[in-house]
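As provided, coords-v2.cif (mmCIF, C-alpha atoms) reads as follows.
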```
data_my_file
loop_
_atom_site.group_PDB
_atom_site.id
_atom_site.type_symbol
_atom_site.label_atom_id
_atom_site.label_comp_id
_atom_site.auth_asym_id
_atom_site.auth_seq_id
_atom_site.Cartn_x
_atom_site.Cartn_y
_atom_site.Cartn_z
ATOM 1 C CA MET A 172 -11.930 -1.684 25.056
ATOM 2 C CA ASP A 173 -13.309 -3.917 22.292
ATOM 3 C CA SER A 174 -12.123 -7.508 22.166
ATOM 4 C CA PRO A 175 -10.351 -8.714 18.955
ATOM 5 C CA ALA A 176 -13.510 -10.617 17.999
ATOM 6 C CA GLU A 177 -15.710 -7.540 18.483
ATOM 7 C CA ARG A 178 -13.265 -5.377 16.558
ATOM 8 C CA GLN A 179 -13.246 -7.797 13.598
ATOM 9 C CA VAL A 180 -17.051 -7.932 13.479
ATOM 10 C CA SER A 181 -17.299 -4.117 13.290
ATOM 11 C CA GLU A 182 -14.482 -3.454 10.791
ATOM 12 C CA THR A 183 -15.161 -2.717 7.128
ATOM 13 C CA PRO A 184 -14.251 -5.274 4.429
ATOM 14 C CA THR A 185 -11.391 -3.026 3.316
ATOM 15 C CA ALA A 186 -10.035 -2.706 6.852
ATOM 16 C CA LYS A 187 -10.253 -6.472 7.228
ATOM 17 C CA GLN A 188 -8.207 -6.973 4.058
ATOM 18 C CA ARG A 189 -5.565 -4.533 5.295
ATOM 19 C CA ARG A 190 -5.303 -6.443 8.559
ATOM 20 C CA VAL A 191 -5.149 -9.824 6.813
ATOM 21 C CA TRP A 192 -2.405 -8.783 4.383
ATOM 22 C CA ASP A 193 -0.390 -7.035 7.080
ATOM 23 C CA ARG A 194 -0.409 -10.331 8.971
ATOM 24 C CA TYR A 195 0.536 -12.423 5.920
ATOM 25 C CA ALA A 196 3.186 -10.044 4.601
ATOM 26 C CA PRO A 197 6.277 -11.623 6.262
ATOM 27 C CA SER A 198 5.484 -15.090 4.873
ATOM 28 C CA TYR A 199 3.765 -14.117 1.613
ATOM 29 C CA ASP A 200 6.722 -14.475 -0.747
ATOM 30 C CA LYS A 201 7.579 -17.925 0.551
ATOM 31 C CA GLN A 202 3.955 -19.103 0.338
ATOM 32 C CA ILE A 203 3.181 -17.727 -3.134
ATOM 33 C CA ALA A 204 6.460 -18.840 -4.748
ATOM 34 C CA PHE A 205 5.300 -22.460 -5.086
ATOM 35 C CA PHE A 206 1.973 -21.486 -6.662
ATOM 36 C CA GLU A 207 3.676 -19.113 -9.075
ATOM 37 C CA ARG A 208 5.952 -21.915 -10.253
ATOM 38 C CA VAL A 209 3.163 -24.477 -10.605
ATOM 39 C CA GLN A 210 -0.210 -22.792 -11.133
ATOM 40 C CA PHE A 211 0.658 -19.316 -12.407
ATOM 41 C CA ALA A 212 3.893 -20.122 -14.265
ATOM 42 C CA GLY A 213 4.804 -17.413 -16.755
ATOM 43 C CA GLY A 214 1.970 -15.163 -15.635
ATOM 44 C CA ARG A 215 3.990 -12.220 -14.403
ATOM 45 C CA GLU A 216 6.238 -12.431 -17.463
ATOM 46 C CA TRP A 217 3.079 -12.329 -19.625
ATOM 47 C CA LEU A 218 1.945 -9.151 -17.871
ATOM 48 C CA GLY A 219 5.332 -7.467 -18.110
ATOM 49 C CA ALA A 220 5.692 -8.225 -21.819
ATOM 50 C CA ARG A 221 2.465 -6.290 -22.522
ATOM 51 C CA ALA A 222 3.003 -3.319 -20.210
ATOM 52 C CA ARG A 223 3.864 -0.006 -21.863
ATOM 53 C CA GLY A 224 4.574 3.596 -20.899
ATOM 54 C CA ARG A 225 3.225 4.885 -17.606
ATOM 55 C CA VAL A 226 2.321 1.713 -15.696
ATOM 56 C CA LEU A 227 0.161 1.479 -12.582
ATOM 57 C CA GLU A 228 0.155 -1.809 -10.712
ATOM 58 C CA VAL A 229 -2.905 -2.032 -8.479
ATOM 59 C CA ALA A 230 -2.429 -4.104 -5.312
ATOM 60 C CA ILE A 231 1.282 -4.428 -6.036
ATOM 61 C CA GLY A 232 1.782 -6.514 -2.887
ATOM 62 C CA THR A 233 5.445 -7.290 -2.279
ATOM 63 C CA GLY A 234 6.424 -6.191 -5.784
ATOM 64 C CA ARG A 235 6.838 -9.599 -7.377
ATOM 65 C CA SER A 236 6.032 -8.246 -10.867
ATOM 66 C CA LEU A 237 8.707 -5.538 -10.757
ATOM 67 C CA PRO A 238 11.482 -7.591 -12.433
ATOM 68 C CA TYR A 239 9.341 -8.098 -15.537
ATOM 69 C CA TYR A 240 8.398 -4.550 -16.513
ATOM 70 C CA PRO A 241 10.200 -2.954 -19.479
ATOM 71 C CA ALA A 242 13.237 -0.909 -18.512
ATOM 72 C CA ASP A 243 11.761 2.213 -20.116
ATOM 73 C CA ALA A 244 8.406 1.950 -18.312
ATOM 74 C CA THR A 245 7.562 4.391 -15.524
ATOM 75 C CA VAL A 246 6.076 2.248 -12.750
ATOM 76 C CA VAL A 247 3.741 3.332 -9.963
ATOM 77 C CA GLY A 248 2.398 0.843 -7.428
ATOM 78 C CA VAL A 249 -0.514 1.162 -5.033
ATOM 79 C CA GLU A 250 -1.078 -1.252 -2.144
ATOM 80 C CA LEU A 251 -3.535 -1.407 0.738
ATOM 81 C CA SER A 252 -1.197 -3.092 3.228
ATOM 82 C CA PRO A 253 1.680 -1.009 4.675
ATOM 83 C CA ALA A 254 3.552 -4.208 5.576
ATOM 84 C CA MET A 255 3.363 -5.531 2.006
ATOM 85 C CA LEU A 256 4.404 -2.126 0.687
ATOM 86 C CA ASP A 257 7.528 -2.096 2.864
ATOM 87 C CA ILE A 258 8.641 -5.364 1.274
ATOM 88 C CA ALA A 259 7.931 -3.967 -2.204
ATOM 89 C CA ARG A 260 10.145 -0.965 -1.401
ATOM 90 C CA HIS A 261 13.021 -3.264 -0.438
ATOM 91 C CA ARG A 262 12.514 -5.324 -3.613
ATOM 92 C CA ALA A 263 12.571 -2.208 -5.804
ATOM 93 C CA ALA A 264 15.774 -1.038 -4.090
ATOM 94 C CA ASP A 265 17.397 -4.446 -4.579
ATOM 95 C CA LEU A 266 16.482 -4.337 -8.273
ATOM 96 C CA GLY A 267 17.811 -0.789 -8.601
ATOM 97 C CA ARG A 268 14.442 0.218 -10.013
ATOM 98 C CA ALA A 269 12.856 3.600 -9.386
ATOM 99 C CA VAL A 270 9.213 2.903 -8.471
ATOM 100 C CA ASP A 271 6.665 5.282 -6.989
ATOM 101 C CA LEU A 272 5.015 3.179 -4.267
ATOM 102 C CA ARG A 273 1.966 4.483 -2.406
ATOM 103 C CA GLN A 274 -0.523 3.159 0.109
ATOM 104 C CA GLY A 275 -4.055 3.229 -1.258
ATOM 105 C CA ASP A 276 -7.304 1.407 -1.937
ATOM 106 C CA ALA A 277 -7.974 -0.281 -5.301
ATOM 107 C CA GLU A 278 -11.608 0.800 -5.031
ATOM 108 C CA GLN A 279 -10.654 4.485 -4.641
ATOM 109 C CA LEU A 280 -7.425 4.981 -6.556
ATOM 110 C CA PRO A 281 -5.566 8.170 -5.549
ATOM 111 C CA PHE A 282 -4.862 9.288 -9.119
ATOM 112 C CA ALA A 283 -6.417 11.648 -11.639
ATOM 113 C CA ALA A 284 -8.375 10.363 -14.597
ATOM 114 C CA ALA A 285 -6.375 9.298 -17.674
ATOM 115 C CA SER A 286 -3.053 9.163 -15.793
ATOM 116 C CA PHE A 287 -1.679 5.835 -17.060
ATOM 117 C CA ASP A 288 -1.025 3.973 -20.303
ATOM 118 C CA THR A 289 -1.215 0.543 -18.647
ATOM 119 C CA VAL A 290 -2.898 -0.754 -15.504
ATOM 120 C CA VAL A 291 -1.857 -4.147 -14.127
ATOM 121 C CA CYS A 292 -3.463 -6.230 -11.391
ATOM 122 C CA ALA A 293 -2.042 -9.653 -10.515
ATOM 123 C CA LEU A 294 -3.587 -12.203 -8.144
ATOM 124 C CA SER A 295 -5.546 -9.555 -6.259
ATOM 125 C CA LEU A 296 -9.088 -9.135 -7.622
ATOM 126 C CA CYS A 297 -9.848 -12.461 -5.942
ATOM 127 C CA SER A 298 -9.705 -10.695 -2.565
ATOM 128 C CA ILE A 299 -10.646 -7.076 -3.280
ATOM 129 C CA PRO A 300 -14.066 -6.656 -1.607
ATOM 130 C CA HIS A 301 -15.790 -5.040 -4.614
ATOM 131 C CA PRO A 302 -13.901 -6.105 -7.767
ATOM 132 C CA GLY A 303 -16.308 -4.368 -10.151
ATOM 133 C CA GLN A 304 -15.663 -1.050 -8.433
ATOM 134 C CA ALA A 305 -11.904 -1.636 -8.626
ATOM 135 C CA ILE A 306 -12.119 -2.356 -12.372
ATOM 136 C CA ASP A 307 -14.166 0.816 -12.891
ATOM 137 C CA GLU A 308 -11.392 2.729 -11.110
ATOM 138 C CA MET A 309 -8.752 1.079 -13.303
ATOM 139 C CA LYS A 310 -10.686 2.251 -16.358
ATOM 140 C CA ARG A 311 -10.968 5.775 -14.961
ATOM 141 C CA VAL A 312 -7.214 6.204 -14.536
ATOM 142 C CA LEU A 313 -6.372 4.745 -17.965
ATOM 143 C CA VAL A 314 -5.946 6.950 -21.001
ATOM 144 C CA PRO A 315 -8.270 6.187 -23.940
ATOM 145 C CA GLY A 316 -6.638 3.277 -25.724
ATOM 146 C CA GLY A 317 -4.801 2.293 -22.529
ATOM 147 C CA ARG A 318 -4.181 -1.336 -21.596
ATOM 148 C CA LEU A 319 -5.676 -3.315 -18.727
ATOM 149 C CA LEU A 320 -3.685 -6.464 -17.849
ATOM 150 C CA LEU A 321 -5.061 -8.958 -15.343
ATOM 151 C CA LEU A 322 -3.882 -12.276 -13.932
ATOM 152 C CA ASP A 323 -5.918 -14.196 -11.378
ATOM 153 C CA HIS A 324 -7.300 -17.524 -10.236
ATOM 154 C CA ILE A 325 -10.962 -18.071 -11.058
ATOM 155 C CA GLY A 326 -13.700 -20.681 -10.880
ATOM 156 C CA SER A 327 -12.704 -23.828 -12.770
ATOM 157 C CA THR A 328 -14.354 -25.067 -15.958
ATOM 158 C CA TRP A 329 -14.174 -28.602 -14.520
ATOM 159 C CA PRO A 330 -17.139 -29.253 -12.170
ATOM 160 C CA PRO A 331 -15.259 -31.383 -9.580
ATOM 161 C CA VAL A 332 -12.580 -28.717 -9.201
ATOM 162 C CA ARG A 333 -15.159 -25.926 -9.034
ATOM 163 C CA ALA A 334 -17.043 -27.836 -6.327
ATOM 164 C CA ALA A 335 -13.819 -28.084 -4.305
ATOM 165 C CA GLN A 336 -13.220 -24.367 -4.806
ATOM 166 C CA TRP A 337 -16.734 -23.606 -3.582
ATOM 167 C CA LEU A 338 -16.151 -25.657 -0.445
ATOM 168 C CA LEU A 339 -12.806 -23.966 0.169
ATOM 169 C CA GLU A 340 -14.476 -20.568 -0.095
ATOM 170 C CA ARG A 341 -16.688 -21.391 2.860
ATOM 171 C CA ILE A 342 -13.525 -20.949 4.933
ATOM 172 C CA THR A 343 -11.365 -18.504 2.997
ATOM 173 C CA VAL A 344 -13.994 -15.835 2.354
ATOM 174 C CA ARG A 345 -14.786 -15.645 6.069
ATOM 175 C CA THR A 346 -11.197 -15.730 7.308
ATOM 176 C CA ALA A 347 -9.297 -13.856 4.616
ATOM 177 C CA GLY A 348 -11.766 -12.466 2.072
ATOM 178 C CA GLU A 349 -10.320 -14.837 -0.533
ATOM 179 C CA HIS A 350 -12.643 -15.950 -3.362
ATOM 180 C CA PHE A 351 -11.981 -18.945 -5.608
ATOM 181 C CA THR A 352 -15.081 -18.978 -7.839
ATOM 182 C CA ARG A 353 -15.023 -15.370 -9.012
ATOM 183 C CA ARG A 354 -14.371 -14.530 -12.646
ATOM 184 C CA GLN A 355 -13.192 -11.082 -13.692
ATOM 185 C CA LEU A 356 -13.826 -11.230 -17.455
ATOM 186 C CA PRO A 357 -17.578 -10.407 -17.222
ATOM 187 C CA LEU A 358 -16.726 -7.421 -15.002
ATOM 188 C CA VAL A 359 -14.155 -6.185 -17.511
ATOM 189 C CA ARG A 360 -16.704 -6.434 -20.313
ATOM 190 C CA ALA A 361 -19.384 -4.740 -18.189
ATOM 191 C CA ALA A 362 -16.989 -1.838 -17.545
ATOM 192 C CA GLY A 363 -16.851 -1.218 -21.306
ATOM 193 C CA PHE A 364 -13.374 -2.540 -22.118
ATOM 194 C CA THR A 365 -12.534 -4.136 -25.452
ATOM 195 C CA ILE A 366 -11.028 -7.599 -24.975
ATOM 196 C CA VAL A 367 -7.773 -8.149 -26.881
ATOM 197 C CA GLU A 368 -6.684 -11.448 -25.324
ATOM 198 C CA ALA A 369 -8.297 -13.746 -22.781
ATOM 199 C CA GLU A 370 -7.013 -17.207 -21.982
ATOM 200 C CA ARG A 371 -7.817 -19.790 -19.323
ATOM 201 C CA LEU A 372 -5.251 -22.293 -18.066
ATOM 202 C CA LYS A 373 -4.956 -25.087 -15.500
ATOM 203 C CA ALA A 374 -8.431 -26.638 -15.872
ATOM 204 C CA GLY A 375 -9.805 -23.142 -16.288
ATOM 205 C CA THR A 376 -8.651 -22.004 -12.833
ATOM 206 C CA VAL A 377 -6.258 -19.313 -14.093
ATOM 207 C CA GLU A 378 -7.154 -16.454 -16.414
ATOM 208 C CA ARG A 379 -5.025 -13.863 -18.178
ATOM 209 C CA ILE A 380 -6.782 -10.838 -19.657
ATOM 210 C CA HIS A 381 -5.491 -8.099 -21.942
ATOM 211 C CA ALA A 382 -8.166 -5.462 -22.546
ATOM 212 C CA VAL A 383 -8.179 -1.912 -23.866
ATOM 213 C CA ARG A 384 -10.131 1.165 -22.834
ATOM 214 C CA PRO A 385 -11.978 2.348 -25.948
ATOM 215 C CA GLU A 386 -10.781 5.582 -27.571
ATOM 216 C CA SER A 387 -14.202 7.190 -27.138
#
```
The structure in this file should be written as structure tokens.
Amino acid sequence: MDSPAERQVSETPTAKQRRVWDRYAPSYDKQIAFFERVQFAGGREWLGARARGRVLEVAIGTGRSLPYYPADATVVGVELSPAMLDIARHRAADLGRAVDLRQGDAEQLPFAAASFDTVVCALSLCSIPHPGQAIDEMKRVLVPGGRLLLLDHIGSTWPPVRAAQWLLERITVRTAGEHFTRRQLPLVRAAGFTIVEAERLKAGTVERIHAVRPES
């Protein structure tokens, strides 16, 4: 039988992320709550205010965005980690919100093309192994004219902070697949989206993006 170390060396990046998030799931809400108050304040509200129609949240995690979606939106969530998804199910039940929650991979979304009016991804592209592929999938499942809404931490515009992020990545990428110097906006543009809003906050370490899939 393989040792844990041997098993981790041989596993795929996606399998590693599933294992990492399954392990973090019980403590995730407590850990992220502080950062959402301080670093990402208002971010989930910003996403929810722009979501319309048939909404897909990619990497929905424990469902922390669910309270902010419009009451008339139809919400579907996809999540790699079964443990995170279980918590999201409990949160949806507590909110009295009907949500279609499914296990799946952001890089291979289990939905037909042009299935959604809005796709949301919050604080997750920083750890998805191939973020460009995930964004291409988000575009595929959006209707023409559909909205892409992203919130994430990115590489700072302030060199001392970016240097600290780079150093931190030497640990976090290896242990948890977590990147701090990525930026999603160039990937969104490369995928052919039209940018409607893009703003950077907190010394440039946080970015909110509202983009649209072109009509043609």
Evaluate the PyMOL selection byres ((chain A and resi 344-357) around 7) against this structure - the residues, as a list in words, please.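 That expression, the PyMOL selection byres ((chain A and resi 344-357) around 7), corresponds here to Gln188, Val191, Cys297, Ser298, His324, Ile325, Gly326, Gln336, Trp337, Glu340, Arg341, Ile342, Thr343, Leu358, Val359, Arg360 and Ala361 of chain A.
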Given the choices A:Ser286, A:Ser181, A:Val249, A:Ala259, which gets closest to Arg273 (chain A) if the distance is worked out from only C-alpha atoms?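 For Arg273 (chain A), the nearest of the given residues is A:Val249.
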Work out how far apart CA of Leu320 (chain A) and CA of His381 (chain A) are and give it in Å to one decimal.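 Computed distance, CA of Leu320 (chain A) to CA of His381 (chain A), equals 4.8 Å.
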Run through the PyMOL selection byres ((chain A and resi 257) around 12) on the given coordinates and return the selected residues as a ChimeraX atom specification. /A:193,196-197,231-234,248-256,258-264,272-274
Restricting the calculation to all atoms listed in the file, which member of A:Val290, A:Tyr240, A:Thr376, A:Arg194 is positioned closest to Thr328 (chain A)?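 Counting all atoms listed in the file, the residue closest to Thr328 (chain A) is A:Thr376.
For the atom pair formed by CA of Arg384 (chain A) and CA of Met309 (chain A), the distance is 9.6 Å, given to one decimal.
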Test item: the PyMOL selection byres ((chain A and resi 314) around 12) resolved as number ranges by chain: A: 224-227, 283-290, 309-313, 315-319, 383-387
Could you jot down the CA of Arg208 (chain A) to CA of Ala269 (chain A) separation for me, Å, one decimal place?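 Going from CA of Arg208 (chain A) over to CA of Ala269 (chain A), I get 26.4 Å.
Proximity to Pro300 (chain A) was assessed for A:Trp329, A:Asp276, A:Ala335, A:Ala242 counting all atoms listed in the file; the smallest distance is recorded for A:Asp276.
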Residues near Leu218 (chain A), cut-off 9 Å, all atoms listed in the file, skip fewer than 5 positions along chain, as a list of chain:residue names: A:Gly213, A:Ser236, A:Tyr239, A:Tyr240, A:Val291, A:Cys292, A:Ala293, A:Leu320, A:Leu321, A:Leu322, A:Arg379, A:His381
So which one's closest to Ala277 (chain A), A:Ala334, A:Ala186, A:Val229, A:Leu294? Using only C-alpha atoms, please. A:Val229
